[in-house]
>>> print(open('data-v9.pdb').read())   # PDB, C-alpha atoms
ATOM      1  CA  MET A   1     103.576  56.770 119.447
ATOM      2  CA  ILE A   2     106.244  59.411 118.861
ATOM      3  CA  ALA A   3     105.649  63.113 119.545
ATOM      4  CA  LEU A   4     107.355  65.616 117.264
ATOM      5  CA  THR A   5     107.784  69.376 117.461
ATOM      6  CA  ALA A   6     107.284  71.384 114.261
ATOM      7  CA  PRO A   7     108.475  74.943 114.986
ATOM      8  CA  ALA A   8     107.487  77.965 112.935
ATOM      9  CA  LYS A   9     109.995  79.855 110.824
ATOM     10  CA  LEU A  10     110.316  83.609 110.600
ATOM     11  CA  THR A  11     111.913  85.368 107.639
ATOM     12  CA  LEU A  12     113.857  88.261 109.151
ATOM     13  CA  SER A  13     115.055  89.673 105.838
ATOM     14  CA  LEU A  14     114.396  88.874 102.203
ATOM     15  CA  GLY A  15     116.166  90.088  99.097
ATOM     16  CA  ILE A  16     115.239  88.957  95.598
ATOM     17  CA  THR A  17     118.380  88.490  93.545
ATOM     18  CA  GLY A  18     116.965  87.308  90.225
ATOM     19  CA  VAL A  19     114.345  85.288  88.394
ATOM     20  CA  ARG A  20     115.050  81.934  86.762
ATOM     21  CA  ALA A  21     113.955  81.091  83.229
ATOM     22  CA  ASP A  22     111.170  78.936  84.674
ATOM     23  CA  GLY A  23     109.761  81.919  86.598
ATOM     24  CA  TYR A  24     111.002  80.939  90.066
ATOM     25  CA  HIS A  25     112.503  83.805  92.027
ATOM     26  CA  LEU A  26     115.968  83.593  93.548
ATOM     27  CA  ILE A  27     116.229  84.855  97.102
ATOM     28  CA  ASP A  28     118.813  85.783  99.704
ATOM     29  CA  ALA A  29     117.131  85.605 103.095
ATOM     30  CA  GLU A  30     117.800  85.194 106.788
ATOM     31  CA  MET A  31     115.420  82.830 108.525
ATOM     32  CA  VAL A  32     115.099  81.728 112.138
ATOM     33  CA  THR A  33     113.183  79.075 114.038
ATOM     34  CA  LEU A  34     110.667  80.196 116.675
ATOM     35  CA  ASP A  35     109.328  78.553 119.806
ATOM     36  CA  LEU A  36     105.821  78.795 118.323
ATOM     37  CA  ALA A  37     105.200  75.240 117.142
ATOM     38  CA  ASP A  38     102.755  72.600 115.981
ATOM     39  CA  THR A  39     102.840  69.162 117.598
ATOM     40  CA  LEU A  40     102.716  65.934 115.601
ATOM     41  CA  GLU A  41     102.021  62.480 116.977
ATOM     42  CA  ILE A  42     103.143  59.619 114.766
ATOM     43  CA  GLU A  43     102.105  56.005 115.075
ATOM     44  CA  GLU A  44     101.549  52.965 112.896
ATOM     45  CA  GLY A  45      98.796  53.214 110.338
ATOM     46  CA  GLY A  46      97.859  55.818 107.765
ATOM     47  CA  GLY A  47      96.096  59.127 107.347
ATOM     48  CA  VAL A  48      96.411  62.654 108.708
ATOM     49  CA  VAL A  49      94.211  64.085 111.455
ATOM     50  CA  VAL A  50      94.315  67.791 112.305
ATOM     51  CA  GLU A  51      93.176  69.581 115.461
ATOM     52  CA  GLY A  52      93.308  73.295 116.149
ATOM     53  CA  ALA A  53      93.588  76.255 113.798
ATOM     54  CA  GLY A  54      93.195  75.581 110.118
ATOM     55  CA  GLY A  55      92.142  72.423 108.352
ATOM     56  CA  ILE A  56      94.021  70.614 105.617
ATOM     57  CA  ASP A  57      93.016  68.105 102.991
ATOM     58  CA  PRO A  58      93.560  64.718 104.702
ATOM     59  CA  ASP A  59      94.454  63.101 101.382
ATOM     60  CA  ASP A  60      96.683  65.740  99.762
ATOM     61  CA  ASN A  61      98.886  67.825 102.049
ATOM     62  CA  LEU A  62     102.527  68.447 102.801
ATOM     63  CA  ILE A  63     102.606  65.741 105.458
ATOM     64  CA  THR A  64     101.421  62.986 103.110
ATOM     65  CA  ARG A  65     103.805  64.270 100.446
ATOM     66  CA  ALA A  66     106.686  64.224 102.936
ATOM     67  CA  LEU A  67     105.871  60.645 103.888
ATOM     68  CA  ALA A  68     105.842  59.691 100.205
ATOM     69  CA  LEU A  69     109.172  61.452  99.574
ATOM     70  CA  ALA A  70     110.755  59.586 102.498
ATOM     71  CA  GLY A  71     109.154  56.270 101.493
ATOM     72  CA  ARG A  72     107.392  55.855 104.819
ATOM     73  CA  ALA A  73     103.842  55.244 106.008
ATOM     74  CA  ALA A  74     102.316  56.420 109.284
ATOM     75  CA  ARG A  75      99.254  57.872 110.936
ATOM     76  CA  VAL A  76      99.926  61.496 111.838
ATOM     77  CA  ALA A  77      97.837  63.549 114.270
ATOM     78  CA  VAL A  78      98.607  67.264 114.127
ATOM     79  CA  THR A  79      97.785  69.893 116.734
ATOM     80  CA  LYS A  80      98.022  73.218 114.907
ATOM     81  CA  ARG A  81      99.307  76.260 116.769
ATOM     82  CA  ILE A  82     101.027  78.025 113.875
ATOM     83  CA  PRO A  83      98.350  80.196 112.247
ATOM     84  CA  PRO A  84      97.722  79.220 108.614
ATOM     85  CA  GLY A  85      98.419  81.680 105.824
ATOM     86  CA  ALA A  86     100.571  83.892 108.030
ATOM     87  CA  GLY A  87     103.894  83.248 106.268
ATOM     88  CA  LEU A  88     105.269  81.354 109.272
ATOM     89  CA  GLY A  89     105.762  78.078 107.422
ATOM     90  CA  GLY A  90     103.234  75.956 109.300
ATOM     91  CA  GLY A  91     102.734  73.361 106.586
ATOM     92  CA  SER A  92     106.428  73.313 105.756
ATOM     93  CA  ALA A  93     107.310  72.880 109.436
ATOM     94  CA  ASP A  94     104.992  69.868 109.679
ATOM     95  CA  ALA A  95     106.512  68.318 106.555
ATOM     96  CA  ALA A  96     110.042  68.913 107.850
ATOM     97  CA  ALA A  97     109.200  67.294 111.195
ATOM     98  CA  VAL A  98     108.049  64.181 109.342
ATOM     99  CA  LEU A  99     111.230  64.141 107.248
ATOM    100  CA  ARG A 100     113.387  64.421 110.391
ATOM    101  CA  TRP A 101     111.466  61.541 111.945
ATOM    102  CA  ALA A 102     112.084  59.493 108.799
ATOM    103  CA  GLY A 103     115.816  60.297 108.854
ATOM    104  CA  TYR A 104     115.530  62.116 105.544
ATOM    105  CA  THR A 105     118.321  64.663 105.097
ATOM    106  CA  ASP A 106     118.350  65.585 101.386
ATOM    107  CA  VAL A 107     117.678  69.307 101.650
ATOM    108  CA  GLU A 108     117.660  69.987  97.925
ATOM    109  CA  ARG A 109     115.124  67.245  97.188
ATOM    110  CA  ALA A 110     113.033  68.449 100.123
ATOM    111  CA  ALA A 111     112.545  71.659  98.132
ATOM    112  CA  GLN A 112     110.219  69.647  95.873
ATOM    113  CA  LEU A 113     107.661  69.917  98.665
ATOM    114  CA  GLY A 114     107.921  73.711  98.980
ATOM    115  CA  ALA A 115     110.423  76.536  99.181
ATOM    116  CA  ASP A 116     110.326  76.730 103.008
ATOM    117  CA  VAL A 117     110.735  73.008 103.660
ATOM    118  CA  PRO A 118     114.557  72.955 103.304
ATOM    119  CA  PHE A 119     115.026  75.648 105.944
ATOM    120  CA  CYS A 120     112.472  74.043 108.253
ATOM    121  CA  LEU A 121     114.359  70.751 107.865
ATOM    122  CA  VAL A 122     117.661  72.378 108.880
ATOM    123  CA  GLY A 123     116.184  74.894 111.345
ATOM    124  CA  GLY A 124     117.902  77.229 113.765
ATOM    125  CA  ARG A 125     119.216  80.320 112.011
ATOM    126  CA  ALA A 126     120.362  80.255 108.429
ATOM    127  CA  ARG A 127     121.041  82.150 105.248
ATOM    128  CA  VAL A 128     118.701  80.803 102.583
ATOM    129  CA  ARG A 129     119.384  81.273  98.875
ATOM    130  CA  GLY A 130     118.424  79.891  95.485
ATOM    131  CA  ILE A 131     114.713  79.124  95.479
ATOM    132  CA  GLY A 132     115.020  78.034  99.097
ATOM    133  CA  GLU A 133     117.093  74.903  98.609
ATOM    134  CA  LEU A 134     120.468  76.410  99.564
ATOM    135  CA  VAL A 135     120.553  76.590 103.359
ATOM    136  CA  GLN A 136     123.687  77.815 105.126
ATOM    137  CA  PRO A 137     123.443  77.380 108.916
ATOM    138  CA  LEU A 138     124.485  80.390 110.976
ATOM    139  CA  GLU A 139     125.357  80.752 114.646
ATOM    140  CA  HIS A 140     122.270  80.862 116.839
ATOM    141  CA  ILE A 141     121.427  84.285 118.243
ATOM    142  CA  SER A 142     118.853  84.505 121.021
ATOM    143  CA  ARG A 143     116.156  86.980 120.012
ATOM    144  CA  THR A 144     112.792  87.903 121.427
ATOM    145  CA  LEU A 145     110.229  89.116 118.914
ATOM    146  CA  THR A 146     106.654  90.294 119.024
ATOM    147  CA  LEU A 147     104.347  89.180 116.213
ATOM    148  CA  LEU A 148     101.047  90.578 115.040
ATOM    149  CA  ILE A 149      99.194  88.166 112.767
ATOM    150  CA  PRO A 150      96.261  89.605 110.792
ATOM    151  CA  PRO A 151      93.114  87.467 110.469
ATOM    152  CA  PHE A 152      93.864  86.916 106.793
ATOM    153  CA  GLY A 153      96.708  85.462 104.808
ATOM    154  CA  CYS A 154      98.660  86.631 101.784
ATOM    155  CA  SER A 155      98.983  84.550  98.640
ATOM    156  CA  THR A 156     102.698  84.066  98.070
ATOM    157  CA  PRO A 157     102.310  83.533  94.285
ATOM    158  CA  ALA A 158     100.162  86.682  94.049
ATOM    159  CA  VAL A 159     102.743  88.741  95.949
ATOM    160  CA  TYR A 160     105.617  87.545  93.762
ATOM    161  CA  ARG A 161     103.534  88.168  90.631
ATOM    162  CA  ARG A 162     102.775  91.694  91.778
ATOM    163  CA  TRP A 163     106.464  92.260  92.576
ATOM    164  CA  ASP A 164     107.232  91.402  88.942
ATOM    165  CA  GLU A 165     104.460  93.707  87.704
ATOM    166  CA  MET A 166     105.820  96.568  89.836
ATOM    167  CA  GLY A 167     109.217  96.233  88.178
ATOM    168  CA  GLY A 168     110.998  94.472  91.020
ATOM    169  CA  PRO A 169     111.092  97.146  93.745
ATOM    170  CA  LYS A 170     113.574  97.044  96.608
ATOM    171  CA  GLY A 171     111.998  97.067 100.038
ATOM    172  CA  ALA A 172     113.126  99.922 102.268
ATOM    173  CA  ASN A 173     112.757  97.813 105.392
ATOM    174  CA  GLY A 174     114.839  94.718 104.610
ATOM    175  CA  ASN A 175     112.136  92.888 102.658
ATOM    176  CA  ASP A 176     111.849  93.314  98.903
ATOM    177  CA  LEU A 177     108.360  91.792  98.902
ATOM    178  CA  GLU A 178     106.872  94.314 101.337
ATOM    179  CA  PRO A 179     105.769  96.871  98.682
ATOM    180  CA  ALA A 180     104.094  94.164  96.604
ATOM    181  CA  ALA A 181     102.379  92.584  99.618
ATOM    182  CA  LEU A 182     100.942  95.942 100.676
ATOM    183  CA  ASP A 183      99.646  96.432  97.133
ATOM    184  CA  VAL A 184      98.076  92.956  96.975
ATOM    185  CA  ALA A 185      96.579  93.223 100.480
ATOM    186  CA  PRO A 186      96.146  96.919 101.422
ATOM    187  CA  GLY A 187      94.580  95.883 104.728
ATOM    188  CA  LEU A 188      98.053  94.882 105.912
ATOM    189  CA  ASP A 189      98.925  98.511 106.544
ATOM    190  CA  ARG A 190      96.362  98.846 109.330
ATOM    191  CA  TYR A 191      98.010  95.997 111.226
ATOM    192  CA  ARG A 192     101.469  97.436 110.685
ATOM    193  CA  GLN A 193     100.323 100.715 112.176
ATOM    194  CA  ALA A 194      98.689  98.924 115.109
ATOM    195  CA  LEU A 195     101.890  97.045 115.942
ATOM    196  CA  GLU A 196     103.990 100.185 115.641
ATOM    197  CA  GLN A 197     101.626 102.141 117.892
ATOM    198  CA  ALA A 198     101.629  99.339 120.481
ATOM    199  CA  THR A 199     105.416  98.968 120.571
ATOM    200  CA  GLY A 200     106.962 102.221 119.383
ATOM    201  CA  GLN A 201     109.072 100.163 116.975
ATOM    202  CA  ARG A 202     109.155 100.029 113.193
ATOM    203  CA  ALA A 203     107.386  96.856 112.099
ATOM    204  CA  ARG A 204     108.757  94.509 109.455
ATOM    205  CA  LEU A 205     106.819  92.137 107.242
ATOM    206  CA  ALA A 206     107.730  88.448 107.449
ATOM    207  CA  GLY A 207     108.395  87.210 103.914
ATOM    208  CA  SER A 208     105.351  87.614 101.679
ATOM    209  CA  GLY A 209     103.133  88.199 104.730
ATOM    210  CA  SER A 210     100.866  88.462 106.436
ATOM    211  CA  THR A 211     102.744  88.532 109.786
ATOM    212  CA  TRP A 212     104.315  91.760 111.075
ATOM    213  CA  PHE A 213     107.051  91.664 113.715
ATOM    214  CA  VAL A 214     109.321  93.832 115.841
ATOM    215  CA  GLU A 215     112.309  93.073 118.039
ATOM    216  CA  GLY A 216     111.599  92.821 121.758
ATOM    217  CA  ALA A 217     108.819  91.581 124.036
ATOM    218  CA  TYR A 218     105.599  93.591 123.989
ATOM    219  CA  PRO A 219     102.855  91.387 125.399
ATOM    220  CA  GLY A 220      99.354  92.600 124.739
ATOM    221  CA  ASP A 221      96.005  91.831 123.212
ATOM    222  CA  GLY A 222      96.467  90.090 119.867
ATOM    223  CA  LEU A 223     100.259  90.108 120.126
ATOM    224  CA  ILE A 224     102.409  86.969 120.249
ATOM    225  CA  VAL A 225     105.785  87.092 121.981
ATOM    226  CA  ALA A 226     108.093  84.474 120.463
ATOM    227  CA  ARG A 227     111.729  83.539 120.894
ATOM    228  CA  THR A 228     114.263  82.146 118.493
ATOM    229  CA  VAL A 229     115.441  78.611 119.192
ATOM    230  CA  PRO A 230     118.278  76.404 117.898
ATOM    231  CA  ALA A 231     117.680  73.683 115.365
ATOM    232  CA  VAL A 232     115.396  70.841 116.411
ATOM    233  CA  SER A 233     117.160  67.505 116.704
ATOM    234  CA  SER A 234     115.832  64.434 114.953
ATOM    235  CA  PRO A 235     113.976  62.031 117.266
ATOM    236  CA  ALA A 236     115.964  59.141 118.615
TER     237      ALA A 236
END
>>> encode(input="data-v9.pdb", output="structure tokens")
Amino acid sequence: MIALTAPAKLTLSLGITGVRADGYHLIDAEMVTLDLADTLEIEEGGGVVVEGAGGIDPDDNLITRALALAGRAARVAVTKRIPPGAGLGGGSADAAAVLRWAGYTDVERAAQLGADVPFCLVGGRARVRGIGELVQPLEHISRTLTLLIPPFGCSTPAVYRRWDEMGGPKGANGNDLEPAALDVAPGLDRYRQALEQATGQRARLAGSGSTWFVEGAYPGDGLIVARTVPAVSSPA
């Protein structure tokens, strides 16, 4: 049995630079890896078993798709700690951990699994462009951040669709999707205000949501203090 770490990703900034003919949006983002992580245990066999927050379809999920992409078979037991639907890349992190285990390094093909999988495969701190497949590693910077994760997620396709409908607004807080996310899920604003009142800092939305974050450590009820970490090495 091999134990793997699948760390969450946080999108610190997100600019939308265009829309392809096929409807996919082009981005220019800064993403970092956090010490908030799922754990995967891999052994001989087949199937996916999940414990902890959030269930997934055992027959059709990013882990089974990652195994298929890498041409490998295994039984994978996942302990979920990354909240689902929060925009922290939980499913993508799990898929990337499997690809690292399999020695799979084709970042552009990994984008077939999802836009966040290439970054999660590279990890650390990076500039991410294209539709997520262009990952430029950057020097690691140690950061401490406080997250507030609402008890609901945001649909990424719905947020992008609303961004188009709104005429492609620029976000005033480093995230072009923030106005659209607040329009799709108005309840987000209450959690932004709660985080700002608890910390005295201006909160930023992570990607398409629903996580809000600020710089610094502000432990408290419902708040998660996380730290950025370097890229995760492939298992020996």
>>> closest_residue(input="data-v9.pdb", among="A:Ala111, A:Ala86, A:Ala97, A:Leu69", to="Leu40 of chain A", atoms="only C-alpha atoms")
A:Ala97
>>> closest_atom_pairs(input="data-v9.pdb", of="segment 67-158 of chain A", to="segment 198-206 of chain A", cutoff="9 Å", atoms="all atoms listed in the file", output="JSON lines")
{"residue": "A:Ala86", "atom": "CA", "partner": "A:Ala206", "partner_atom": "CA", "distance": 8.5}
{"residue": "A:Gly87", "atom": "CA", "partner": "A:Ala206", "partner_atom": "CA", "distance": 6.6}
{"residue": "A:Leu88", "atom": "CA", "partner": "A:Ala206", "partner_atom": "CA", "distance": 7.7}
{"residue": "A:Thr146", "atom": "CA", "partner": "A:Thr199", "partner_atom": "CA", "distance": 8.9}
>>> write_last_selection(input="data-v9.pdb", atoms="C-alpha atoms", output="mmCIF file, in the coordinates of the input")
data_model
loop_
_atom_site.group_PDB
_atom_site.id
_atom_site.type_symbol
_atom_site.label_atom_id
_atom_site.label_comp_id
_atom_site.auth_asym_id
_atom_site.auth_seq_id
_atom_site.Cartn_x
_atom_site.Cartn_y
_atom_site.Cartn_z
ATOM 1 C CA ALA A 86 100.571 83.892 108.030
ATOM 2 C CA GLY A 87 103.894 83.248 106.268
ATOM 3 C CA LEU A 88 105.269 81.354 109.272
ATOM 4 C CA THR A 146 106.654 90.294 119.024
#
>>> atom_distance(input="data-v9.pdb", atom1="atom CA of Leu145 of chain A", atom2="atom CA of Arg192 of chain A")
14.6 Å
>>> resolve_selection(input="data-v9.pdb", expression="the PyMOL selection byres ((chain A and resi 133) around 7)", output="NGL selection string")
:A and (107-108 or 111 or 115 or 118 or 129-132 or 134-135)
>>> resolve_selection(input="data-v9.pdb", expression="the PyMOL selection byres ((chain A and resi 99) around 9)", output="PyMOL selection string")
chain A and resi 63+66-67+69-70+94-98+100-105+110+121+234
>>> closest_residue(input="data-v9.pdb", among="A:Gly216, A:Gly15, A:Gly153, A:Gly222", to="Asp176 of chain A", atoms="all atoms listed in the file")
A:Gly15
>>> closest_residue(input="data-v9.pdb", among="A:Ala231, A:Val214, A:Leu195, A:Ala68", to="Ala126 of chain A", atoms="only C-alpha atoms")
A:Ala231
>>> residues_around(input="data-v9.pdb", residues="segment 159-170 of chain A", least_positions_apart="2", cutoff="12 Å", atoms="all atoms listed in the file", output="PyMOL selection string")
chain A and resi 13-19+23-27+87+153-157+172-186+207-210
>>> atom_distance(input="data-v9.pdb", atom1="atom CA of Leu147 of chain A", atom2="atom CA of Arg127 of chain A")
21.2 Å
>>> residues_near_point(input="data-v9.pdb", point="(101.2, 60.3, 103.4)", cutoff="9 Å", atoms="all atoms listed in the file", output="PyMOL selection string")
chain A and resi 46-48+58-69+72-76
>>> closest_residue(input="data-v9.pdb", among="A:Val232, A:Ala77, A:Ala21, A:Met31", to="Met1 of chain A", atoms="only C-alpha atoms")
A:Ala77
>>> atom_distance(input="data-v9.pdb", atom1="atom CA of Ala6 of chain A", atom2="atom CA of Gly85 of chain A")
16.0 Å
>>> axis_aligned_box(input="data-v9.pdb", around="segment 61-69 of chain A", padding_each_side="5 Å", output="AutoDock Vina command-line options")
--center_x 104.0 --center_y 64.1 --center_z 102.5 --size_x 20.3 --size_y 18.8 --size_z 15.9
>>> closest_residue(input="data-v9.pdb", among="A:Lys9, A:Arg190, A:Arg227, A:Arg125", to="Ile82 of chain A", atoms="all atoms listed in the file")
A:Lys9
>>> residues_near_point(input="data-v9.pdb", point="(93.9, 92.8, 122.4)", cutoff="12 Å", atoms="all atoms listed in the file", output="compact mmCIF listing (two decimals) with C-alpha atoms, in the coordinates of the input")
# COMPACT_ATOMS: atom_id res chain seq x y z
CA LEU A 148 101.05 90.58 115.04
CA ILE A 149 99.19 88.17 112.77
CA ALA A 194 98.69 98.92 115.11
CA LEU A 195 101.89 97.04 115.94
CA ALA A 198 101.63 99.34 120.48
CA TYR A 218 105.60 93.59 123.99
CA PRO A 219 102.86 91.39 125.40
CA GLY A 220 99.35 92.60 124.74
CA ASP A 221 96.00 91.83 123.21
CA GLY A 222 96.47 90.09 119.87
CA LEU A 223 100.26 90.11 120.13
CA ILE A 224 102.41 86.97 120.25
>>> residues_around(input="data-v9.pdb", residues="Thr5 of chain A", least_positions_apart="2", cutoff="7 Å", atoms="all atoms listed in the file", output="PyMOL selection string")
chain A and resi 3+7+37-40+97
>>> closest_residue(input="data-v9.pdb", among="A:Asp22, A:Glu215, A:Asp35, A:Glu30", to="Phe119 of chain A", atoms="only C-alpha atoms")
A:Glu30
